[in-house]
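Peer 1: This is the content of structure-v8.csv (CSV, N, CA, C and O atoms):
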chain,number,residue,atom,x,y,z
A,1,MET,N,8.8,-33.9,-67.6
A,1,MET,CA,7.7,-33.5,-66.7
A,1,MET,C,6.4,-33.8,-67.4
A,1,MET,O,6.3,-33.6,-68.6
A,2,LYS,N,5.5,-34.3,-66.6
A,2,LYS,CA,4.2,-34.6,-67.2
A,2,LYS,C,3.4,-33.3,-67.4
A,2,LYS,O,3.4,-32.4,-66.5
A,3,PRO,N,2.8,-33.1,-68.5
A,3,PRO,CA,2.1,-31.8,-68.7
A,3,PRO,C,0.8,-31.8,-67.9
A,3,PRO,O,0.1,-32.8,-67.7
A,4,GLY,N,0.4,-30.6,-67.4
A,4,GLY,CA,-0.9,-30.4,-66.8
A,4,GLY,C,-1.0,-30.8,-65.3
A,4,GLY,O,-2.0,-30.6,-64.7
A,5,ILE,N,0.1,-31.2,-64.7
A,5,ILE,CA,0.0,-31.6,-63.2
A,5,ILE,C,0.8,-30.7,-62.3
A,5,ILE,O,0.7,-30.8,-61.1
A,6,HIS,N,1.6,-29.8,-62.9
A,6,HIS,CA,2.5,-29.0,-62.1
A,6,HIS,C,1.9,-27.6,-62.0
A,6,HIS,O,1.3,-27.1,-62.9
A,7,PRO,N,2.0,-27.0,-60.8
A,7,PRO,CA,1.5,-25.6,-60.6
A,7,PRO,C,2.3,-24.6,-61.5
A,7,PRO,O,3.5,-24.9,-61.8
A,8,GLU,N,1.7,-23.5,-61.7
A,8,GLU,CA,2.4,-22.4,-62.5
A,8,GLU,C,3.6,-21.8,-61.8
A,8,GLU,O,3.4,-21.5,-60.6
A,9,TYR,N,4.7,-21.7,-62.4
A,9,TYR,CA,5.9,-21.2,-61.8
A,9,TYR,C,6.1,-19.8,-62.4
A,9,TYR,O,6.3,-19.6,-63.6
A,10,ARG,N,5.9,-18.7,-61.5
A,10,ARG,CA,5.9,-17.3,-62.0
A,10,ARG,C,6.6,-16.4,-61.1
A,10,ARG,O,6.8,-16.8,-59.9
A,11,PRO,N,6.8,-15.2,-61.5
A,11,PRO,CA,7.4,-14.2,-60.6
A,11,PRO,C,6.4,-13.8,-59.4
A,11,PRO,O,5.2,-13.6,-59.7
A,12,VAL,N,7.0,-13.7,-58.2
A,12,VAL,CA,6.2,-13.4,-57.0
A,12,VAL,C,7.0,-12.5,-56.1
A,12,VAL,O,8.2,-12.7,-56.0
A,13,VAL,N,6.4,-11.5,-55.5
A,13,VAL,CA,7.1,-10.6,-54.5
A,13,VAL,C,6.8,-11.2,-53.1
A,13,VAL,O,5.7,-11.4,-52.7
A,14,PHE,N,7.9,-11.4,-52.4
A,14,PHE,CA,7.8,-11.7,-51.0
A,14,PHE,C,8.1,-10.5,-50.2
A,14,PHE,O,9.2,-9.9,-50.4
A,15,ARG,N,7.3,-10.1,-49.2
A,15,ARG,CA,7.4,-8.9,-48.5
A,15,ARG,C,7.5,-9.1,-47.0
A,15,ARG,O,6.6,-9.8,-46.4
A,16,ASP,N,8.5,-8.7,-46.3
A,16,ASP,CA,8.7,-8.7,-44.9
A,16,ASP,C,8.3,-7.4,-44.3
A,16,ASP,O,9.1,-6.4,-44.4
A,17,ARG,N,7.1,-7.3,-43.7
A,17,ARG,CA,6.6,-6.0,-43.2
A,17,ARG,C,7.4,-5.5,-42.0
A,17,ARG,O,7.5,-4.3,-41.8
A,18,ALA,N,7.9,-6.5,-41.2
A,18,ALA,CA,8.7,-6.1,-40.0
A,18,ALA,C,9.9,-5.3,-40.3
A,18,ALA,O,10.3,-4.4,-39.6
A,19,ALA,N,10.6,-5.7,-41.4
A,19,ALA,CA,11.9,-5.1,-41.8
A,19,ALA,C,11.7,-4.1,-43.0
A,19,ALA,O,12.7,-3.5,-43.4
A,20,ASP,N,10.5,-3.9,-43.5
A,20,ASP,CA,10.2,-3.1,-44.6
A,20,ASP,C,11.1,-3.5,-45.8
A,20,ASP,O,11.9,-2.7,-46.3
A,21,TYR,N,11.1,-4.8,-46.1
A,21,TYR,CA,12.0,-5.4,-47.1
A,21,TYR,C,11.2,-6.3,-48.0
A,21,TYR,O,10.3,-7.0,-47.6
A,22,ALA,N,11.4,-6.2,-49.3
A,22,ALA,CA,10.7,-7.0,-50.3
A,22,ALA,C,11.7,-7.5,-51.4
A,22,ALA,O,12.6,-6.8,-51.7
A,23,PHE,N,11.4,-8.7,-51.9
A,23,PHE,CA,12.3,-9.1,-53.0
A,23,PHE,C,11.4,-9.9,-54.0
A,23,PHE,O,10.4,-10.5,-53.7
A,24,LEU,N,11.8,-9.8,-55.2
A,24,LEU,CA,11.1,-10.5,-56.3
A,24,LEU,C,11.9,-11.8,-56.7
A,24,LEU,O,13.1,-11.8,-56.8
A,25,THR,N,11.1,-12.9,-56.7
A,25,THR,CA,11.7,-14.2,-57.1
A,25,THR,C,10.6,-15.0,-57.8
A,25,THR,O,9.5,-14.5,-58.1
A,26,ARG,N,10.9,-16.2,-58.2
A,26,ARG,CA,10.0,-17.0,-58.9
A,26,ARG,C,9.5,-18.1,-57.9
A,26,ARG,O,10.3,-18.6,-57.1
A,27,SER,N,8.2,-18.4,-58.0
A,27,SER,CA,7.6,-19.3,-57.0
A,27,SER,C,6.3,-19.9,-57.6
A,27,SER,O,5.7,-19.3,-58.5
A,28,THR,N,5.8,-20.9,-57.0
A,28,THR,CA,4.5,-21.5,-57.3
A,28,THR,C,3.5,-21.0,-56.3
A,28,THR,O,2.3,-21.3,-56.5
A,29,ALA,N,3.9,-20.3,-55.3
A,29,ALA,CA,2.9,-19.7,-54.3
A,29,ALA,C,1.9,-18.8,-55.0
A,29,ALA,O,2.3,-18.0,-55.9
A,30,THR,N,0.7,-18.8,-54.4
A,30,THR,CA,-0.3,-17.9,-55.0
A,30,THR,C,-0.8,-16.9,-54.0
A,30,THR,O,-0.7,-17.1,-52.8
A,31,SER,N,-1.3,-15.8,-54.5
A,31,SER,CA,-1.9,-14.8,-53.6
A,31,SER,C,-2.9,-13.9,-54.4
A,31,SER,O,-2.7,-13.7,-55.6
A,32,ALA,N,-3.9,-13.5,-53.7
A,32,ALA,CA,-4.9,-12.6,-54.4
A,32,ALA,C,-4.4,-11.2,-54.3
A,32,ALA,O,-4.9,-10.3,-55.2
A,33,LYS,N,-3.5,-10.8,-53.4
A,33,LYS,CA,-3.0,-9.5,-53.3
A,33,LYS,C,-1.9,-9.2,-54.4
A,33,LYS,O,-1.2,-10.2,-54.7
A,34,THR,N,-1.9,-8.0,-54.9
A,34,THR,CA,-0.8,-7.7,-55.9
A,34,THR,C,-0.1,-6.4,-55.4
A,34,THR,O,-0.6,-5.7,-54.6
A,35,VAL,N,1.0,-6.2,-56.0
A,35,VAL,CA,1.8,-5.0,-55.8
A,35,VAL,C,2.5,-4.6,-57.1
A,35,VAL,O,2.9,-5.4,-57.9
A,36,GLU,N,2.7,-3.3,-57.2
A,36,GLU,CA,3.4,-2.8,-58.4
A,36,GLU,C,4.9,-2.7,-58.0
A,36,GLU,O,5.3,-2.1,-57.0
A,37,TRP,N,5.7,-3.4,-58.8
A,37,TRP,CA,7.1,-3.6,-58.5
A,37,TRP,C,7.9,-2.4,-59.1
A,37,TRP,O,7.4,-1.6,-59.9
A,38,GLU,N,9.2,-2.3,-58.8
A,38,GLU,CA,10.0,-1.2,-59.3
A,38,GLU,C,10.1,-1.2,-60.8
A,38,GLU,O,10.4,-0.1,-61.4
A,39,ASP,N,9.9,-2.3,-61.5
A,39,ASP,CA,10.0,-2.3,-62.9
A,39,ASP,C,8.7,-1.9,-63.6
A,39,ASP,O,8.6,-1.9,-64.8
A,40,GLY,N,7.7,-1.5,-62.8
A,40,GLY,CA,6.4,-1.1,-63.3
A,40,GLY,C,5.4,-2.2,-63.6
A,40,GLY,O,4.2,-1.9,-63.9
A,41,ASN,N,5.8,-3.4,-63.4
A,41,ASN,CA,4.9,-4.6,-63.6
A,41,ASN,C,4.2,-4.9,-62.3
A,41,ASN,O,4.7,-4.6,-61.2
A,42,THR,N,3.0,-5.5,-62.3
A,42,THR,CA,2.3,-5.9,-61.2
A,42,THR,C,2.4,-7.4,-60.9
A,42,THR,O,2.3,-8.2,-61.9
A,43,TYR,N,2.8,-7.7,-59.7
A,43,TYR,CA,3.1,-9.1,-59.3
A,43,TYR,C,2.2,-9.5,-58.1
A,43,TYR,O,1.9,-8.6,-57.3
A,44,PRO,N,1.9,-10.8,-57.9
A,44,PRO,CA,1.3,-11.2,-56.7
A,44,PRO,C,2.3,-11.0,-55.5
A,44,PRO,O,3.5,-11.1,-55.7
A,45,VAL,N,1.8,-10.6,-54.3
A,45,VAL,CA,2.6,-10.4,-53.2
A,45,VAL,C,2.2,-11.3,-52.1
A,45,VAL,O,1.1,-11.5,-51.8
A,46,ILE,N,3.2,-11.9,-51.4
A,46,ILE,CA,3.0,-12.7,-50.2
A,46,ILE,C,3.7,-12.1,-49.0
A,46,ILE,O,5.0,-11.9,-49.1
A,47,ASP,N,3.0,-11.8,-48.0
A,47,ASP,CA,3.6,-11.2,-46.8
A,47,ASP,C,4.1,-12.3,-45.9
A,47,ASP,O,3.4,-13.3,-45.6
A,48,VAL,N,5.3,-12.2,-45.4
A,48,VAL,CA,5.9,-13.2,-44.6
A,48,VAL,C,6.2,-12.5,-43.2
A,48,VAL,O,6.4,-11.3,-43.1
A,49,GLU,N,6.3,-13.3,-42.2
A,49,GLU,CA,6.5,-12.7,-40.8
A,49,GLU,C,8.0,-12.5,-40.6
A,49,GLU,O,8.3,-11.6,-39.8
A,50,ILE,N,8.8,-13.3,-41.2
A,50,ILE,CA,10.3,-13.2,-41.0
A,50,ILE,C,11.0,-13.5,-42.2
A,50,ILE,O,10.6,-14.4,-43.0
A,51,SER,N,12.1,-12.8,-42.5
A,51,SER,CA,13.0,-13.1,-43.6
A,51,SER,C,14.4,-12.9,-43.2
A,51,SER,O,14.7,-12.6,-42.0
A,52,SER,N,15.3,-12.9,-44.1
A,52,SER,CA,16.7,-12.7,-43.7
A,52,SER,C,17.0,-11.3,-43.3
A,52,SER,O,18.0,-11.0,-42.6
A,53,ALA,N,16.1,-10.4,-43.6
A,53,ALA,CA,16.3,-9.0,-43.2
A,53,ALA,C,15.9,-8.7,-41.8
A,53,ALA,O,16.3,-7.8,-41.1
A,54,SER,N,15.0,-9.7,-41.2
A,54,SER,CA,14.6,-9.4,-39.8
A,54,SER,C,14.9,-10.6,-38.9
A,54,SER,O,14.7,-10.5,-37.7
A,55,HIS,N,15.5,-11.7,-39.4
A,55,HIS,CA,15.8,-12.8,-38.5
A,55,HIS,C,17.1,-12.5,-37.7
A,55,HIS,O,18.1,-12.0,-38.2
A,56,PRO,N,17.0,-12.7,-36.4
A,56,PRO,CA,18.2,-12.4,-35.5
A,56,PRO,C,19.5,-13.1,-35.9
A,56,PRO,O,20.5,-12.5,-35.8
A,57,PHE,N,19.4,-14.3,-36.5
A,57,PHE,CA,20.7,-14.9,-36.9
A,57,PHE,C,21.4,-14.2,-38.0
A,57,PHE,O,22.6,-14.0,-38.0
A,58,TYR,N,20.6,-13.7,-39.0
A,58,TYR,CA,21.2,-13.0,-40.1
A,58,TYR,C,21.5,-11.5,-39.8
A,58,TYR,O,22.4,-10.9,-40.4
A,59,THR,N,20.8,-10.9,-38.9
A,59,THR,CA,21.0,-9.5,-38.6
A,59,THR,C,22.1,-9.3,-37.5
A,59,THR,O,22.5,-8.2,-37.3
A,60,GLY,N,22.5,-10.3,-36.8
A,60,GLY,CA,23.6,-10.2,-35.8
A,60,GLY,C,23.1,-9.9,-34.5
A,60,GLY,O,23.8,-9.5,-33.6
A,61,THR,N,21.8,-9.9,-34.2
A,61,THR,CA,21.2,-9.6,-32.9
A,61,THR,C,20.8,-10.8,-32.1
A,61,THR,O,20.0,-10.7,-31.2
A,62,GLN,N,21.3,-11.9,-32.5
A,62,GLN,CA,21.0,-13.2,-31.8
A,62,GLN,C,21.6,-13.1,-30.4
A,62,GLN,O,22.7,-12.7,-30.2
A,63,ARG,N,20.8,-13.6,-29.4
A,63,ARG,CA,21.2,-13.6,-28.0
A,63,ARG,C,21.8,-15.0,-27.7
A,63,ARG,O,21.4,-16.0,-28.2
A,64,VAL,N,22.9,-15.0,-26.9
A,64,VAL,CA,23.5,-16.2,-26.5
A,64,VAL,C,23.0,-16.5,-25.1
A,64,VAL,O,23.1,-15.7,-24.2
A,65,LEU,N,22.5,-17.7,-24.8
A,65,LEU,CA,22.1,-18.1,-23.5
A,65,LEU,C,23.2,-18.5,-22.6
A,65,LEU,O,24.2,-19.1,-23.1
A,66,ASP,N,23.1,-18.1,-21.4
A,66,ASP,CA,24.2,-18.5,-20.4
A,66,ASP,C,23.8,-19.8,-19.8
A,66,ASP,O,23.2,-19.9,-18.7
A,67,THR,N,24.3,-20.9,-20.4
A,67,THR,CA,23.9,-22.2,-19.9
A,67,THR,C,24.7,-22.6,-18.7
A,67,THR,O,24.2,-23.3,-17.8
A,68,ALA,N,25.9,-22.1,-18.6
A,68,ALA,CA,26.7,-22.4,-17.4
A,68,ALA,C,26.1,-21.8,-16.1
A,68,ALA,O,26.0,-22.5,-15.1
A,69,GLY,N,25.6,-20.6,-16.2
A,69,GLY,CA,24.9,-20.0,-15.1
A,69,GLY,C,23.7,-20.7,-14.7
A,69,GLY,O,23.3,-20.8,-13.5
A,70,ARG,N,23.0,-21.3,-15.6
A,70,ARG,CA,21.7,-22.1,-15.3
A,70,ARG,C,22.1,-23.4,-14.6
A,70,ARG,O,21.4,-23.7,-13.7
A,71,VAL,N,23.2,-24.0,-15.0
A,71,VAL,CA,23.5,-25.2,-14.3
A,71,VAL,C,23.9,-25.0,-12.9
A,71,VAL,O,23.5,-25.7,-12.0
A,72,GLU,N,24.7,-23.9,-12.7
A,72,GLU,CA,25.1,-23.6,-11.3
A,72,GLU,C,23.9,-23.2,-10.5
A,72,GLU,O,23.9,-23.6,-9.3
A,73,ARG,N,23.0,-22.5,-11.0
A,73,ARG,CA,21.8,-22.1,-10.3
A,73,ARG,C,21.0,-23.4,-9.9
A,73,ARG,O,20.5,-23.5,-8.8
A,74,PHE,N,20.9,-24.3,-10.8
A,74,PHE,CA,20.2,-25.6,-10.6
A,74,PHE,C,20.9,-26.3,-9.4
A,74,PHE,O,20.2,-26.8,-8.5
A,75,GLU,N,22.2,-26.4,-9.5
A,75,GLU,CA,22.9,-27.2,-8.5
A,75,GLU,C,22.8,-26.5,-7.1
A,75,GLU,O,22.7,-27.2,-6.1
A,76,ARG,N,22.8,-25.2,-7.1
A,76,ARG,CA,22.6,-24.5,-5.8
A,76,ARG,C,21.2,-24.7,-5.2
A,76,ARG,O,21.1,-24.9,-4.0
A,77,ARG,N,20.3,-24.7,-6.1
A,77,ARG,CA,18.9,-24.9,-5.6
A,77,ARG,C,18.6,-26.3,-5.2
A,77,ARG,O,18.0,-26.5,-4.2
A,78,TYR,N,19.0,-27.3,-6.0
A,78,TYR,CA,18.6,-28.6,-5.7
A,78,TYR,C,19.8,-29.5,-5.2
A,78,TYR,O,19.6,-30.7,-4.9
A,79,GLY,N,20.9,-28.9,-5.0
A,79,GLY,CA,22.1,-29.7,-4.5
A,79,GLY,C,22.8,-30.5,-5.6
A,79,GLY,O,22.2,-30.8,-6.6
A,80,ARG,N,24.0,-30.8,-5.3
A,80,ARG,CA,24.8,-31.5,-6.3
A,80,ARG,C,24.9,-33.0,-5.9
A,80,ARG,O,25.5,-33.3,-4.9
A,81,GLY,N,24.4,-33.8,-6.7
A,81,GLY,CA,24.6,-35.3,-6.5
A,81,GLY,C,24.1,-35.8,-5.2
A,81,GLY,O,24.9,-36.6,-4.6
A,82,ARG,N,23.0,-35.4,-4.7
A,82,ARG,CA,22.5,-35.9,-3.5
A,82,ARG,C,22.2,-37.4,-3.7
A,82,ARG,O,21.6,-37.8,-4.7
A,83,SER,N,22.6,-38.2,-2.7
A,83,SER,CA,22.2,-39.6,-2.8
A,83,SER,C,20.9,-39.8,-2.1
A,83,SER,O,20.5,-39.2,-1.2
A,84,LYS,N,20.1,-40.8,-2.7
A,84,LYS,CA,18.8,-41.1,-2.1
A,84,LYS,C,19.0,-42.0,-0.9
A,84,LYS,O,19.9,-42.8,-0.8
A,85,PRO,N,18.2,-41.8,0.2
A,85,PRO,CA,18.3,-42.6,1.4
A,85,PRO,C,18.0,-44.0,1.3
A,85,PRO,O,17.4,-44.5,0.4
Translate the structure described by the file into C-alpha cells.
Peer 2:
Amino acid sequence: MKPGIHPEYRPVVFRDRAADYAFLTRSTATSAKTVEWEDGNTYPVIDVEISSASHPFYTGTQRVLDTAGRVERFERRYGRGRSKP
C-alpha cells in the first residue's frame, strides 16, 4: 500500500435507532458524534436508518406480494387477450 493516501481505519460504532441496536466494528467512516461503549472507551458513532436488526428480510417480517391476484384483477379489468379491430 502507498503510504499517506489511505483513510484511517479505526473502531467505529454503528447505531440503529429504530431497533435500539448498536455494534462496534472497524471502518474508515468518520463522524463528529461520539459514544462511550461498553468497554469504557469513546468511539465515533454513525447512526444508520436500517440494519440487520430492523430490516424485514432479517427479522422475518417480510411481506409476500400476491402477484397471481394482481394478474387476475388486471385480466378482469382489461380483458384477456382482446384482439385489435
Peer 1: Could you give me, as a list in words, the residues within 6 Å of Arg10 (chain A), counting only N, CA, C and O atoms and dropping anything in the same chain fewer than 6 positions from it?
Peer 2: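 Returned residues: Thr25, Arg26, Ser27 and Thr28 of chain A.
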Peer 1: So how far away is CA of Thr42 (chain A) from CA of Met1 (chain A), in Å?
Peer 2: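 It comes out at 28.7 Å.
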Peer 1: Go through A:Glu49, A:Pro11, A:Glu72, A:Asn41 one by one, measure the shortest atom-to-atom distance of each to Phe23 (chain A) using only N, CA, C and O atoms, and give the residue with the smallest value.
Peer 2: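 Among the listed residues, the smallest separation from Phe23 (chain A) belongs to A:Pro11.
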Peer 1: By how many Å are CA of Ser51 (chain A) and CA of Ala29 (chain A) apart?
Peer 2: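 Rounded to one decimal, the two atoms are 16.1 Å apart.
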Peer 1: Got a sec: who's within 8 Å of Ala22 (chain A), counting only N, CA, C and O atoms, leaving out chain neighbours fewer than 4 positions off, as a list in words?
Peer 2: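 So the residues in contact are Val12, Val13, Phe14, Arg15, Asp16, Arg17 and Ile46 of chain A.
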Peer 1: Assign secondary structure with DSSP using the backbone only, and return the residues of region 19-60 of chain A in strand (DSSP E) as a list in words.
Peer 2: Tyr21, Ala22, Phe23, Leu24, Thr25, Arg26, Ser27, Thr34, Val35, Glu36, Thr42, Tyr43, Pro44, Val45, Ile46, Asp47 and Val48 of chain A
Peer 1: Kindly indicate which residue among A:Val71, A:Tyr43, A:Ser52, A:Pro3 lies nearest to Leu24 (chain A), using only C-alpha atoms for the distances.
Peer 2: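 Ranked by minimum distance to Leu24 (chain A), first place goes to A:Tyr43.
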Peer 1: How far is it from CA of Ser31 (chain A) to CA of Val48 (chain A), in Å with one decimal?
Peer 2: 12.0 Å
Peer 1: Identify which of the residues A:Arg77, A:Ser54, A:Val45, A:Asp20 lies closest to Ala32 (chain A), counting only N, CA, C and O atoms when measuring atom-to-atom distances.
Peer 2: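 That would be A:Val45, the residue with the smallest distance to Ala32 (chain A).
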Peer 1: I'd like to know which residues of region 1-70 of chain A are helix (DSSP H, G or I) (by DSSP, run on the backbone); could you write them as a ChimeraX atom specification?
Peer 2: /A:56-59,67-70
